[in-house]
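K.L.:
start-v2.cif is the file, holding mmCIF, C-alpha atoms, pLDDT in the B column; chains and numbers go by the auth columns:
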data_data
#
loop_
_atom_site.group_PDB
_atom_site.id
_atom_site.type_symbol
_atom_site.label_atom_id
_atom_site.label_comp_id
_atom_site.label_asym_id
_atom_site.label_seq_id
_atom_site.Cartn_x
_atom_site.Cartn_y
_atom_site.Cartn_z
_atom_site.B_iso_or_equiv
_atom_site.auth_seq_id
_atom_site.auth_asym_id
ATOM 1 C CA CYS A 1 170.577 59.797 143.114 94.00 1292 N
ATOM 2 C CA MET A 2 170.480 56.666 145.240 93.00 1293 N
ATOM 3 C CA ILE A 3 168.026 54.504 143.316 91.00 1294 N
ATOM 4 C CA GLY A 4 167.071 50.886 143.832 82.00 1295 N
ATOM 5 C CA THR A 5 166.025 48.178 146.247 76.00 1296 N
ATOM 6 C CA LYS A 6 167.794 45.971 148.803 74.00 1297 N
ATOM 7 C CA TRP A 7 168.404 48.882 151.166 81.00 1298 N
ATOM 8 C CA GLU A 8 168.506 46.483 154.099 77.00 1299 N
ATOM 9 C CA SER A 9 171.670 44.935 152.655 71.00 1300 N
ATOM 10 C CA ARG A 10 173.683 47.970 153.741 74.00 1301 N
ATOM 11 C CA GLU A 11 173.445 46.891 157.378 73.00 1302 N
ATOM 12 C CA GLN A 12 173.525 43.173 156.714 66.00 1303 N
ATOM 13 C CA TYR A 13 176.865 43.454 154.916 64.00 1304 N
ATOM 14 C CA ASN A 14 178.273 46.499 156.724 69.00 1305 N
ATOM 15 C CA LEU A 15 178.642 48.608 153.580 74.00 1306 N
ATOM 16 C CA ALA A 16 178.760 51.976 155.389 82.00 1307 N
ATOM 17 C CA PRO A 17 182.509 52.193 156.145 83.00 1308 N
ATOM 18 C CA PHE A 18 183.391 51.193 152.588 80.00 1309 N
ATOM 19 C CA TYR A 19 181.054 53.850 151.193 85.00 1310 N
ATOM 20 C CA GLU A 20 182.501 56.548 153.421 90.00 1311 N
ATOM 21 C CA LYS A 21 186.096 55.592 152.681 88.00 1312 N
ATOM 22 C CA ASN A 22 185.934 54.787 148.971 86.00 1313 N
ATOM 23 C CA VAL A 23 183.202 57.152 147.725 89.00 1314 N
ATOM 24 C CA LEU A 24 182.399 60.045 150.046 92.00 1315 N
ATOM 25 C CA SER A 25 185.997 60.923 150.822 93.00 1316 N
ATOM 26 C CA TYR A 26 186.600 61.551 147.100 92.00 1317 N
ATOM 27 C CA LEU A 27 183.479 63.694 146.788 93.00 1318 N
ATOM 28 C CA GLY A 28 184.349 66.086 149.590 93.00 1319 N
ATOM 29 C CA GLY A 29 182.295 64.368 152.307 93.00 1320 N
ATOM 30 C CA THR A 30 178.609 64.589 153.153 92.00 1321 N
ATOM 31 C CA ALA A 31 178.724 68.383 153.380 92.00 1322 N
ATOM 32 C CA ASN A 32 179.586 68.531 149.679 94.00 1323 N
ATOM 33 C CA VAL A 33 176.832 66.116 148.585 95.00 1324 N
ATOM 34 C CA ASP A 34 173.045 66.491 148.478 95.00 1325 N
ATOM 35 C CA MET A 35 171.324 63.115 148.516 95.00 1326 N
ATOM 36 C CA PHE A 36 168.156 62.114 146.671 96.00 1327 N
ATOM 37 C CA PHE A 37 166.590 58.751 147.593 93.00 1328 N
ATOM 38 C CA ASN A 38 164.258 56.829 145.283 92.00 1329 N
ATOM 39 C CA TYR A 39 162.779 53.574 146.581 88.00 1330 N
ATOM 40 C CA GLY A 40 159.626 51.525 146.846 82.00 1331 N
ATOM 41 C CA VAL A 41 157.309 51.296 149.842 79.00 1332 N
ATOM 42 C CA GLY A 42 158.992 48.084 150.990 76.00 1333 N
ATOM 43 C CA ASP A 43 162.345 49.848 151.395 78.00 1334 N
ATOM 44 C CA TYR A 44 161.008 52.794 153.377 72.00 1335 N
ATOM 45 C CA GLU A 45 162.759 53.205 156.761 73.00 1336 N
ATOM 46 C CA ASN A 46 165.572 50.868 155.630 79.00 1337 N
ATOM 47 C CA GLU A 47 167.962 53.712 154.792 80.00 1338 N
ATOM 48 C CA ASN A 48 170.385 52.710 157.573 80.00 1339 N
ATOM 49 C CA ASP A 49 173.682 54.619 157.310 86.00 1340 N
ATOM 50 C CA LEU A 50 172.504 56.772 154.406 89.00 1341 N
ATOM 51 C CA GLY A 51 169.532 58.064 156.349 89.00 1342 N
ATOM 52 C CA LYS A 52 171.805 58.987 159.258 89.00 1343 N
ATOM 53 C CA MET A 53 174.288 60.789 156.998 91.00 1344 N
ATOM 54 C CA TRP A 54 171.550 62.714 155.192 92.00 1345 N
ATOM 55 C CA PRO A 55 168.594 63.036 157.601 91.00 1346 N
ATOM 56 C CA HIS A 56 167.107 65.756 155.402 90.00 1347 N
ATOM 57 C CA ALA A 57 167.617 63.997 152.076 92.00 1348 N
ATOM 58 C CA ASP A 58 164.985 64.360 149.360 93.00 1349 N
ATOM 59 C CA ARG A 59 162.911 61.162 149.506 91.00 1350 N
ATOM 60 C CA THR A 60 160.684 59.726 146.784 91.00 1351 N
ATOM 61 C CA ILE A 61 158.656 56.564 147.328 88.00 1352 N
ATOM 62 C CA GLN A 62 157.932 55.273 143.832 85.00 1353 N
ATOM 63 C CA ASN A 63 156.286 51.967 143.028 79.00 1354 N
ATOM 64 C CA VAL A 64 156.571 51.476 139.281 76.00 1355 N
ATOM 65 C CA SER A 65 153.525 50.073 137.491 71.00 1356 N
ATOM 66 C CA PHE A 66 154.173 48.071 134.333 68.00 1357 N
ATOM 67 C CA THR A 67 150.527 47.954 133.252 65.00 1358 N
ATOM 68 C CA ASN A 68 151.004 50.262 130.260 60.00 1359 N
ATOM 69 C CA TYR A 69 154.716 50.004 129.660 63.00 1360 N
ATOM 70 C CA ARG A 70 154.371 48.563 126.135 63.00 1361 N
ATOM 71 C CA PHE A 71 154.200 51.535 123.837 64.00 1362 N
ATOM 72 C CA ARG A 72 152.682 51.552 120.351 69.00 1363 N
ATOM 73 C CA CYS A 73 155.774 51.646 118.165 76.00 1364 N
ATOM 74 C CA PRO A 74 156.191 51.956 114.370 77.00 1365 N
ATOM 75 C CA ARG A 75 156.953 48.956 112.227 77.00 1366 N
ATOM 76 C CA ASN A 76 160.465 47.502 112.576 74.00 1367 N
ATOM 77 C CA THR A 77 160.871 49.012 116.024 75.00 1368 N
ATOM 78 C CA ARG A 78 160.321 47.690 119.526 73.00 1369 N
ATOM 79 C CA PRO A 79 159.238 49.285 122.798 75.00 1370 N
ATOM 80 C CA LEU A 80 161.322 49.476 125.915 74.00 1371 N
ATOM 81 C CA GLN A 81 161.923 46.263 127.808 75.00 1372 N
ATOM 82 C CA GLN A 82 160.041 46.176 131.103 75.00 1373 N
ATOM 83 C CA ALA A 83 163.220 46.582 133.182 74.00 1374 N
ATOM 84 C CA SER A 84 164.323 49.498 130.986 77.00 1375 N
ATOM 85 C CA PHE A 85 160.955 51.167 131.424 78.00 1376 N
ATOM 86 C CA GLY A 86 161.109 50.891 135.216 80.00 1377 N
ATOM 87 C CA LEU A 87 164.633 52.262 135.373 84.00 1378 N
ATOM 88 C CA ALA A 88 163.739 55.121 133.029 85.00 1379 N
ATOM 89 C CA LEU A 89 160.873 56.194 135.287 86.00 1380 N
ATOM 90 C CA ARG A 90 163.064 56.197 138.369 90.00 1381 N
ATOM 91 C CA LEU A 91 165.899 58.108 136.710 93.00 1382 N
ATOM 92 C CA GLU A 92 163.531 60.723 135.306 92.00 1383 N
ATOM 93 C CA SER A 93 161.855 61.086 138.696 93.00 1384 N
ATOM 94 C CA CYS A 94 165.171 61.680 140.433 95.00 1385 N
ATOM 95 C CA LEU A 95 166.209 64.256 137.848 96.00 1386 N
ATOM 96 C CA SER A 96 162.933 66.124 138.274 95.00 1387 N
ATOM 97 C CA ARG A 97 163.524 66.289 142.038 95.00 1388 N
ATOM 98 C CA ILE A 98 167.018 67.633 141.452 96.00 1389 N
ATOM 99 C CA GLN A 99 165.717 70.286 139.060 96.00 1390 N
ATOM 100 C CA ALA A 100 163.132 71.343 141.639 96.00 1391 N
ATOM 101 C CA GLN A 101 165.849 71.628 144.288 95.00 1392 N
ATOM 102 C CA GLU A 102 168.004 73.735 141.974 96.00 1393 N
ATOM 103 C CA LYS A 103 165.093 76.062 141.347 95.00 1394 N
ATOM 104 C CA ARG A 104 164.319 76.421 145.057 94.00 1395 N
ATOM 105 C CA CYS A 105 167.930 77.087 146.020 92.00 1396 N
ATOM 106 C CA GLY A 106 168.924 79.177 143.012 94.00 1397 N
ATOM 107 C CA HIS A 107 171.984 77.098 142.183 93.00 1398 N
ATOM 108 C CA ARG A 108 172.989 74.414 139.695 95.00 1399 N
ATOM 109 C CA TYR A 109 174.795 71.220 140.607 96.00 1400 N
ATOM 110 C CA GLN A 110 178.084 70.385 138.905 96.00 1401 N
ATOM 111 C CA TRP A 111 177.760 66.587 138.915 97.00 1402 N
ATOM 112 C CA ILE A 112 174.909 64.116 139.422 97.00 1403 N
ATOM 113 C CA MET A 113 175.985 60.691 140.642 95.00 1404 N
ATOM 114 C CA ARG A 114 173.784 57.641 140.184 93.00 1405 N
ATOM 115 C CA ASP A 115 174.324 54.803 142.628 91.00 1406 N
ATOM 116 C CA ARG A 116 172.494 51.842 144.157 86.00 1407 N
ATOM 117 C CA PRO A 117 172.140 50.967 147.841 84.00 1408 N
ATOM 118 C CA ASP A 118 173.262 47.355 147.307 77.00 1409 N
ATOM 119 C CA VAL A 119 176.535 48.218 145.587 77.00 1410 N
ATOM 120 C CA PHE A 120 179.709 47.369 147.489 73.00 1411 N
ATOM 121 C CA HIS A 121 182.474 49.906 146.809 78.00 1412 N
ATOM 122 C CA ASP A 122 185.491 47.912 147.868 72.00 1413 N
ATOM 123 C CA GLU A 123 188.120 50.182 146.272 76.00 1414 N
ATOM 124 C CA PRO A 124 188.473 53.953 145.739 82.00 1415 N
ATOM 125 C CA VAL A 125 185.916 55.251 143.272 84.00 1416 N
ATOM 126 C CA PHE A 126 187.351 56.696 140.021 86.00 1417 N
ATOM 127 C CA GLY A 127 190.652 54.969 140.758 82.00 1418 N
ATOM 128 C CA GLY A 128 191.340 57.299 143.665 83.00 1419 N
ATOM 129 C CA LYS A 129 190.764 60.566 141.823 88.00 1420 N
ATOM 130 C CA SER A 130 188.800 63.288 143.575 91.00 1421 N
ATOM 131 C CA VAL A 131 185.784 64.909 141.972 92.00 1422 N
ATOM 132 C CA GLU A 132 187.927 67.950 141.134 93.00 1423 N
ATOM 133 C CA ASP A 133 190.146 65.733 138.966 93.00 1424 N
ATOM 134 C CA LEU A 134 187.318 64.454 136.761 92.00 1425 N
ATOM 135 C CA ASP A 135 186.787 65.675 133.191 94.00 1426 N
ATOM 136 C CA PRO A 136 183.499 67.644 133.147 94.00 1427 N
ATOM 137 C CA THR A 137 182.966 66.795 129.461 94.00 1428 N
ATOM 138 C CA LYS A 138 182.705 63.033 130.014 93.00 1429 N
ATOM 139 C CA ILE A 139 180.493 60.540 131.849 94.00 1430 N
ATOM 140 C CA TYR A 140 182.205 58.069 134.178 92.00 1431 N
ATOM 141 C CA ALA A 141 180.582 54.635 134.156 89.00 1432 N
ATOM 142 C CA PRO A 142 181.837 51.046 134.330 82.00 1433 N
ATOM 143 C CA CYS A 143 181.771 48.109 131.926 77.00 1434 N
ATOM 144 C CA LEU A 144 181.196 49.575 128.471 80.00 1435 N
ATOM 145 C CA TRP A 145 181.120 46.405 126.404 76.00 1436 N
ATOM 146 C CA LYS A 146 180.185 45.654 122.818 73.00 1437 N
ATOM 147 C CA ASP A 147 176.951 43.639 122.501 73.00 1438 N
ATOM 148 C CA PHE A 148 176.099 44.600 126.099 77.00 1439 N
ATOM 149 C CA GLY A 149 176.016 48.355 126.582 81.00 1440 N
ATOM 150 C CA VAL A 150 177.147 50.251 129.652 86.00 1441 N
ATOM 151 C CA CYS A 151 176.420 49.231 133.237 83.00 1442 N
ATOM 152 C CA ASP A 152 173.513 51.190 134.698 86.00 1443 N
ATOM 153 C CA LEU A 153 174.415 50.553 138.346 83.00 1444 N
ATOM 154 C CA PHE A 154 176.690 53.547 138.813 88.00 1445 N
ATOM 155 C CA ALA A 155 177.617 56.711 136.929 92.00 1446 N
ATOM 156 C CA MET A 156 179.124 60.126 137.545 93.00 1447 N
ATOM 157 C CA VAL A 157 177.376 62.499 135.147 96.00 1448 N
ATOM 158 C CA PRO A 158 178.260 66.155 134.455 96.00 1449 N
ATOM 159 C CA ARG A 159 175.215 68.357 134.987 96.00 1450 N
ATOM 160 C CA ARG A 160 175.295 69.399 131.323 95.00 1451 N
ATOM 161 C CA TYR A 161 174.599 65.769 130.326 95.00 1452 N
ATOM 162 C CA ALA A 162 171.911 65.065 132.904 95.00 1453 N
ATOM 163 C CA GLN A 163 169.086 65.100 130.354 92.00 1454 N
ATOM 164 C CA ALA A 164 170.915 62.580 128.173 91.00 1455 N
ATOM 165 C CA TYR A 165 171.557 60.140 131.030 93.00 1456 N
ATOM 166 C CA TYR A 166 168.563 60.573 133.319 93.00 1457 N
ATOM 167 C CA ASN A 167 165.857 61.319 130.776 89.00 1458 N
ATOM 168 C CA LEU A 168 165.509 58.608 128.146 80.00 1459 N
ATOM 169 C CA SER A 169 162.847 60.499 126.213 74.00 1460 N
ATOM 170 C CA ALA A 170 165.238 63.456 125.807 70.00 1461 N
ATOM 171 C CA THR A 171 167.298 61.562 123.223 62.00 1462 N
ATOM 172 C CA MET A 172 164.693 58.984 122.113 65.00 1463 N
ATOM 173 C CA PRO A 173 161.314 60.770 122.257 66.00 1464 N
ATOM 174 C CA THR A 174 159.276 57.840 120.912 67.00 1465 N
ATOM 175 C CA LEU A 175 160.837 55.360 123.347 70.00 1466 N
ATOM 176 C CA CYS A 176 160.980 52.919 120.438 75.00 1467 N
ATOM 177 C CA PHE A 177 164.125 51.185 119.240 73.00 1468 N
ATOM 178 C CA PRO A 178 164.978 49.889 115.742 69.00 1469 N
ATOM 179 C CA ASN A 179 165.073 46.125 115.368 65.00 1470 N
ATOM 180 C CA SER A 180 168.562 46.318 113.953 62.00 1471 N
ATOM 181 C CA LEU A 181 170.838 48.154 116.358 57.00 1472 N
ATOM 182 C CA THR A 182 174.034 49.144 114.600 46.00 1473 N
ATOM 183 C CA THR A 183 175.831 51.392 117.071 51.00 1474 N
ATOM 184 C CA LYS A 184 179.092 50.042 118.419 52.00 1475 N
ATOM 185 C CA TYR A 185 178.095 49.381 122.004 49.00 1476 N
ATOM 186 C CA THR A 186 174.582 47.998 121.744 61.00 1477 N
ATOM 187 C CA CYS A 187 173.028 44.563 121.400 64.00 1478 N
ATOM 188 C CA LYS A 188 170.140 43.192 119.387 61.00 1479 N
ATOM 189 C CA PRO A 189 166.635 42.998 120.862 58.00 1480 N
ATOM 190 C CA GLY A 190 165.054 39.668 121.769 59.00 1481 N
ATOM 191 C CA LYS A 191 162.982 37.475 119.489 61.00 1482 N
ATOM 192 C CA LEU A 192 159.565 38.517 120.785 60.00 1483 N
ATOM 193 C CA PRO A 193 157.930 41.613 119.226 56.00 1484 N
ATOM 194 C CA TRP A 194 157.748 43.424 122.571 59.00 1485 N
ATOM 195 C CA ASP A 195 161.179 42.383 123.832 64.00 1486 N
ATOM 196 C CA GLY A 196 163.293 45.495 123.347 69.00 1487 N
ATOM 197 C CA PRO A 197 166.895 46.038 124.479 72.00 1488 N
ATOM 198 C CA HIS A 198 167.744 45.630 128.142 76.00 1489 N
ATOM 199 C CA PRO A 199 168.629 48.695 130.298 81.00 1490 N
ATOM 200 C CA GLU A 200 172.372 48.575 129.637 83.00 1491 N
ATOM 201 C CA CYS A 201 171.821 48.654 125.883 82.00 1492 N
ATOM 202 C CA ALA A 202 169.167 51.353 126.052 81.00 1493 N
ATOM 203 C CA LEU A 203 171.429 53.550 128.151 85.00 1494 N
ATOM 204 C CA SER A 204 174.379 53.077 125.824 84.00 1495 N
ATOM 205 C CA MET A 205 172.208 53.888 122.807 79.00 1496 N
ATOM 206 C CA GLN A 206 170.971 57.170 124.210 82.00 1497 N
ATOM 207 C CA LEU A 207 174.457 58.307 125.236 87.00 1498 N
ATOM 208 C CA THR A 208 175.887 57.328 121.858 82.00 1499 N
ATOM 209 C CA LYS A 209 173.086 59.186 120.091 78.00 1500 N
ATOM 210 C CA ALA A 210 173.815 62.272 122.192 84.00 1501 N
ATOM 211 C CA GLY A 211 177.492 62.109 121.207 88.00 1502 N
ATOM 212 C CA ILE A 212 178.737 61.758 124.785 90.00 1503 N
ATOM 213 C CA ASP A 213 182.052 60.097 125.635 90.00 1504 N
ATOM 214 C CA ILE A 214 182.088 57.533 128.433 89.00 1505 N
ATOM 215 C CA VAL A 215 185.215 57.058 130.515 88.00 1506 N
ATOM 216 C CA ASP A 216 185.453 53.332 131.061 80.00 1507 N
ATOM 217 C CA THR A 217 188.576 53.121 133.192 68.00 1508 N
ATOM 218 C CA VAL A 218 186.815 50.920 135.708 58.00 1509 N
ATOM 219 C CA ARG A 219 185.553 47.373 135.341 46.00 1510 N
ATOM 220 C CA ILE A 220 182.700 45.394 136.816 36.00 1511 N
ATOM 221 C CA ALA A 221 183.139 42.260 138.964 35.00 1512 N
ATOM 222 C CA GLY A 222 185.926 40.557 136.989 31.00 1513 N
ATOM 223 C CA GLN A 223 188.644 42.923 138.200 31.00 1514 N
ATOM 224 C CA ARG A 224 186.852 44.018 141.403 37.00 1515 N
ATOM 225 C CA TYR A 225 187.845 47.600 140.700 32.00 1516 N
ATOM 226 C CA LEU A 226 184.711 49.680 141.293 31.00 1517 N
ATOM 227 C CA TYR A 227 182.018 47.655 143.000 39.00 1518 N
ATOM 228 C CA ASN A 228 180.529 44.277 143.706 44.00 1519 N
ATOM 229 C CA LEU A 229 176.826 43.608 143.967 48.00 1520 N
ATOM 230 C CA VAL A 230 175.776 42.269 147.316 48.00 1521 N
ATOM 231 C CA ARG A 231 173.034 40.270 145.648 50.00 1522 N
ATOM 232 C CA ASN A 232 175.720 38.097 144.005 52.00 1523 N
ATOM 233 C CA CYS A 233 177.083 36.975 147.372 55.00 1524 N
ATOM 234 C CA THR A 234 177.084 33.369 148.455 53.00 1525 N
ATOM 235 C CA CYS A 235 177.906 31.871 151.849 53.00 1526 N
ATOM 236 C CA ASP A 236 181.101 30.211 153.023 50.00 1527 N
ATOM 237 C CA ASN A 237 181.079 29.064 156.643 49.00 1528 N
ATOM 238 C CA GLY A 238 178.531 31.741 157.459 47.00 1529 N
ATOM 239 C CA VAL A 239 180.477 34.555 155.768 47.00 1530 N
ATOM 240 C CA ALA A 240 179.200 36.214 152.600 47.00 1531 N
ATOM 241 C CA VAL A 241 181.702 35.923 149.738 48.00 1532 N
ATOM 242 C CA MET A 242 181.688 36.537 146.008 47.00 1533 N
ATOM 243 C CA PRO A 243 181.279 33.280 144.058 46.00 1534 N
ATOM 244 C CA SER A 244 184.209 32.114 141.977 42.00 1535 N
ATOM 245 C CA LYS A 245 182.275 32.379 138.706 43.00 1536 N
ATOM 246 C CA TYR A 246 182.525 36.151 139.080 41.00 1537 N
ATOM 247 C CA PHE A 247 186.100 36.449 140.329 41.00 1538 N
ATOM 248 C CA GLY A 248 187.758 33.111 139.720 40.00 1539 N
ATOM 249 C CA PRO A 249 190.680 32.665 142.100 38.00 1540 N
ATOM 250 C CA ARG A 250 190.244 36.252 143.316 38.00 1541 N
ATOM 251 C CA ALA A 251 187.004 35.560 145.140 40.00 1542 N
ATOM 252 C CA GLY A 252 186.751 38.020 148.009 45.00 1543 N
ATOM 253 C CA TYR A 253 184.357 39.064 150.723 47.00 1544 N
ATOM 254 C CA CYS A 254 181.113 41.012 150.355 49.00 1545 N
ATOM 255 C CA GLY A 255 181.312 42.892 153.633 46.00 1546 N
ATOM 256 C CA GLN A 256 181.840 42.228 157.311 44.00 1547 N
ATOM 257 C CA SER A 257 179.194 40.737 159.548 43.00 1548 N
ATOM 258 C CA VAL A 258 177.349 43.088 161.893 38.00 1549 N
ATOM 259 C CA PRO A 259 176.321 41.869 165.368 40.00 1550 N
ATOM 260 C CA GLY A 260 172.554 41.719 165.587 40.00 1551 N
ATOM 261 C CA ALA A 261 171.995 42.188 161.847 38.00 1552 N
ATOM 262 C CA PRO A 262 169.617 39.770 160.089 41.00 1553 N
ATOM 263 C CA ALA A 263 171.619 36.777 158.905 46.00 1554 N
ATOM 264 C CA ARG A 264 171.523 35.596 155.313 47.00 1555 N
ATOM 265 C CA CYS A 265 174.109 32.881 155.594 44.00 1556 N
ATOM 266 C CA GLY A 266 173.878 29.464 157.167 35.00 1557 N
#
Could you show the structure in this file as structure tokens?
P.N.:
Amino acid sequence: CMIGTKWESREQYNLAPFYEKNVLSYLGGTANVDMFFNYGVGDYENENDLGKMWPHADRTIQNVSFTNYRFRCPRNTRPLQQASFGLALRLESCLSRIQAQEKRCGHRYQWIMRDRPDVFHDEPVFGGKSVEDLDPTKIYAPCLWKDFGVCDLFAMVPRRYAQAYYNLSATMPTLCFPNSLTTKYTCKPGKLPWDGPHPECALSMQLTKAGIDIVDTVRIAGQRYLYNLVRNCTCDNGVAVMPSKYFGPRAGYCGQSVPGAPARCG
């Protein structure tokens, strides 16, 4: 499931070779991966390298409406935060497309990977392990932190846990969260009555409730181990680099410039 916005950043920051080298090569190549795209109307026809690799990918154009996202919740509980609601809809949509594909083809996938088009994979995914080396009883996701949750930007999910990860209502049918969150890896909701936990906390809560172990052998930004978000790039003499507040002295590059690509620096 390739879900998100900023698809144009793949060409602007030349992310394709990094994706092929550090992700696809450990998944068995494009022939071993079926791709499902989920994006808004504004990102249509901006698939760049991904569209060329998977010309027959399953495509869903989904503009999320937040008009009715605030649910009527019982006392001492809060509804989903707006960002959590939008992510939940996209994840559930992608899972439904996968289930339809499985039914049409008469097979069941082994893993479902969630990724974003604006993620920069600058080192081998899963620390260089191939998909055959992964534990099929665990979910692989970065940055599982107390009072934060688990990063929702990337995950490798065994098919058996797809409902728990991609379908929020499967583990929390009411989509309402208690005001006092006591699980180890969650954070408290905001002060406003409708301000529920952010997506990272909501995701961690549902996985914890389902009793699923998360392998957190990778880290976000600080150690530059799994990925860097292109949207965090700044400019240094016309070259996109990661700002020092994310990496300190280890500030690196966000991708190589592409001749003719729209410039964001300068």
K.L.:
Might you pull out every residue within 10 Å of stretch 1400-1403 of chain N, with all atoms listed in the file counted and same-chain residues fewer than 3 positions away left off, and present them as JSON, numbers by chain?
P.N.:
{"N": [1292, 1324, 1325, 1326, 1386, 1389, 1390, 1392, 1393, 1406, 1422, 1427, 1430, 1446, 1447, 1448, 1449, 1450, 1451, 1452, 1453, 1456, 1457]}
K.L.:
Mind telling me what the PyMOL selection byres ((chain N and resi 1385) around 9) catches here, as number ranges by chain?
P.N.:
N: 1292-1294, 1327-1329, 1351, 1380-1384, 1386-1390, 1457
K.L.:
Point out the residue among N:Met1344, N:Val1355, N:Ala1493, N:Leu1371 with the least atom-to-atom distance to N:Val1332, counting only C-alpha atoms.
P.N.:
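With only C-alpha atoms as the atom set, the closest residue is N:Val1355.
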K.L.:
Using the file's own x, y and z axes, so that the box edges lie along x, y and z, what centre and edge lengths in Å (one decimal) does a box around every listed atom of stretch 1292-1307 of chain N get when 6 Å is added on each side? Give it as JSON.
P.N.:
{"center_x": 172.4, "center_y": 51.5, "center_z": 150.2, "size_x": 24.7, "size_y": 28.6, "size_z": 26.3}
K.L.:
Quick one, how far is atom CA of N:Leu1494 from atom CA of N:Ala1461?
P.N.:
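It comes out at 11.9 Å.
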K.L.:
Which one of N:Gly1320, N:Gly1295, N:Pro1490, N:Gly1397 sits closest to N:Glu1338 if you count all atoms listed in the file?
P.N.:
N:Gly1295
K.L.:
Given the file shown, enumerate the residues that the PyMOL selection byres ((chain N and resi 1497-1499) around 12) captures and present them as a ChimeraX atom specification.
P.N.:
/N:1379,1429-1432,1435,1440-1441,1443,1448,1452-1464,1466-1468,1472-1477,1488,1490-1496,1500-1505
K.L.:
Since we have the selection now, will you write its residues out, keeping C-alpha atoms, as an mmCIF file, in the frame of the given file?
P.N.:
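The resulting file, again-v2.cif, is reproduced below:
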data_model
loop_
_atom_site.group_PDB
_atom_site.id
_atom_site.type_symbol
_atom_site.label_atom_id
_atom_site.label_comp_id
_atom_site.auth_asym_id
_atom_site.auth_seq_id
_atom_site.Cartn_x
_atom_site.Cartn_y
_atom_site.Cartn_z
ATOM 1 C CA ALA N 1379 163.739 55.121 133.029
ATOM 2 C CA LYS N 1429 182.705 63.033 130.014
ATOM 3 C CA ILE N 1430 180.493 60.540 131.849
ATOM 4 C CA TYR N 1431 182.205 58.069 134.178
ATOM 5 C CA ALA N 1432 180.582 54.635 134.156
ATOM 6 C CA LEU N 1435 181.196 49.575 128.471
ATOM 7 C CA GLY N 1440 176.016 48.355 126.582
ATOM 8 C CA VAL N 1441 177.147 50.251 129.652
ATOM 9 C CA ASP N 1443 173.513 51.190 134.698
ATOM 10 C CA VAL N 1448 177.376 62.499 135.147
ATOM 11 C CA TYR N 1452 174.599 65.769 130.326
ATOM 12 C CA ALA N 1453 171.911 65.065 132.904
ATOM 13 C CA GLN N 1454 169.086 65.100 130.354
ATOM 14 C CA ALA N 1455 170.915 62.580 128.173
ATOM 15 C CA TYR N 1456 171.557 60.140 131.030
ATOM 16 C CA TYR N 1457 168.563 60.573 133.319
ATOM 17 C CA ASN N 1458 165.857 61.319 130.776
ATOM 18 C CA LEU N 1459 165.509 58.608 128.146
ATOM 19 C CA SER N 1460 162.847 60.499 126.213
ATOM 20 C CA ALA N 1461 165.238 63.456 125.807
ATOM 21 C CA THR N 1462 167.298 61.562 123.223
ATOM 22 C CA MET N 1463 164.693 58.984 122.113
ATOM 23 C CA PRO N 1464 161.314 60.770 122.257
ATOM 24 C CA LEU N 1466 160.837 55.360 123.347
ATOM 25 C CA CYS N 1467 160.980 52.919 120.438
ATOM 26 C CA PHE N 1468 164.125 51.185 119.240
ATOM 27 C CA LEU N 1472 170.838 48.154 116.358
ATOM 28 C CA THR N 1473 174.034 49.144 114.600
ATOM 29 C CA THR N 1474 175.831 51.392 117.071
ATOM 30 C CA LYS N 1475 179.092 50.042 118.419
ATOM 31 C CA TYR N 1476 178.095 49.381 122.004
ATOM 32 C CA THR N 1477 174.582 47.998 121.744
ATOM 33 C CA PRO N 1488 166.895 46.038 124.479
ATOM 34 C CA PRO N 1490 168.629 48.695 130.298
ATOM 35 C CA GLU N 1491 172.372 48.575 129.637
ATOM 36 C CA CYS N 1492 171.821 48.654 125.883
ATOM 37 C CA ALA N 1493 169.167 51.353 126.052
ATOM 38 C CA LEU N 1494 171.429 53.550 128.151
ATOM 39 C CA SER N 1495 174.379 53.077 125.824
ATOM 40 C CA MET N 1496 172.208 53.888 122.807
ATOM 41 C CA LYS N 1500 173.086 59.186 120.091
ATOM 42 C CA ALA N 1501 173.815 62.272 122.192
ATOM 43 C CA GLY N 1502 177.492 62.109 121.207
ATOM 44 C CA ILE N 1503 178.737 61.758 124.785
ATOM 45 C CA ASP N 1504 182.052 60.097 125.635
ATOM 46 C CA ILE N 1505 182.088 57.533 128.433
#
K.L.:
Mind giving me the straight-line distance from atom CA of N:Asn1339 to atom CA of N:Val1416 in Å, one decimal?
P.N.:
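About the pair atom CA of N:Asn1339 and atom CA of N:Val1416: they are 21.3 Å apart.
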K.L.:
Using only C-alpha atoms, determine which residues lie at most 9 Å from N:Pro1415, disregarding the query and same-chain residues fewer than 4 positions distant; provide the list as a PyMOL selection string.
P.N.:
chain N and resi 1309+1312-1314+1316-1317+1419-1420+1516-1517
K.L.:
Write out as a list of chain:residue names the residues lying within 10 Å of N:Lys1297, counting all atoms listed in the file and excluding same-chain residues fewer than 6 positions away.
P.N.:
N:Tyr1330, N:Gly1333, N:Asp1334, N:Asn1337, N:Glu1338, N:Arg1407, N:Pro1408, N:Asp1409, N:Val1410, N:Val1521, N:Arg1522
K.L.:
Between N:Ser1375, N:Ser1356, N:Thr1321, N:Ser1300, which residue has the minimum interatomic distance to N:Lys1343, considering only C-alpha atoms?
P.N.:
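Selected residue with least distance to N:Lys1343: N:Thr1321.
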K.L.:
Which neighbours of N:Pro1308 fall inside 10 Å, counting only C-alpha atoms, when residues of the same chain fewer than 2 positions from it are skipped, and could you give them as an mmCIF file with C-alpha atoms, in the frame of the given file?
P.N.:
data_model
loop_
_atom_site.group_PDB
_atom_site.id
_atom_site.type_symbol
_atom_site.label_atom_id
_atom_site.label_comp_id
_atom_site.auth_asym_id
_atom_site.auth_seq_id
_atom_site.Cartn_x
_atom_site.Cartn_y
_atom_site.Cartn_z
ATOM 1 C CA ASN N 1305 178.273 46.499 156.724
ATOM 2 C CA LEU N 1306 178.642 48.608 153.580
ATOM 3 C CA TYR N 1310 181.054 53.850 151.193
ATOM 4 C CA GLU N 1311 182.501 56.548 153.421
ATOM 5 C CA LYS N 1312 186.096 55.592 152.681
ATOM 6 C CA ASN N 1313 185.934 54.787 148.971
ATOM 7 C CA VAL N 1314 183.202 57.152 147.725
ATOM 8 C CA LEU N 1315 182.399 60.045 150.046
ATOM 9 C CA ASP N 1340 173.682 54.619 157.310
ATOM 10 C CA HIS N 1412 182.474 49.906 146.809
ATOM 11 C CA ASP N 1413 185.491 47.912 147.868
ATOM 12 C CA GLY N 1546 181.312 42.892 153.633
#
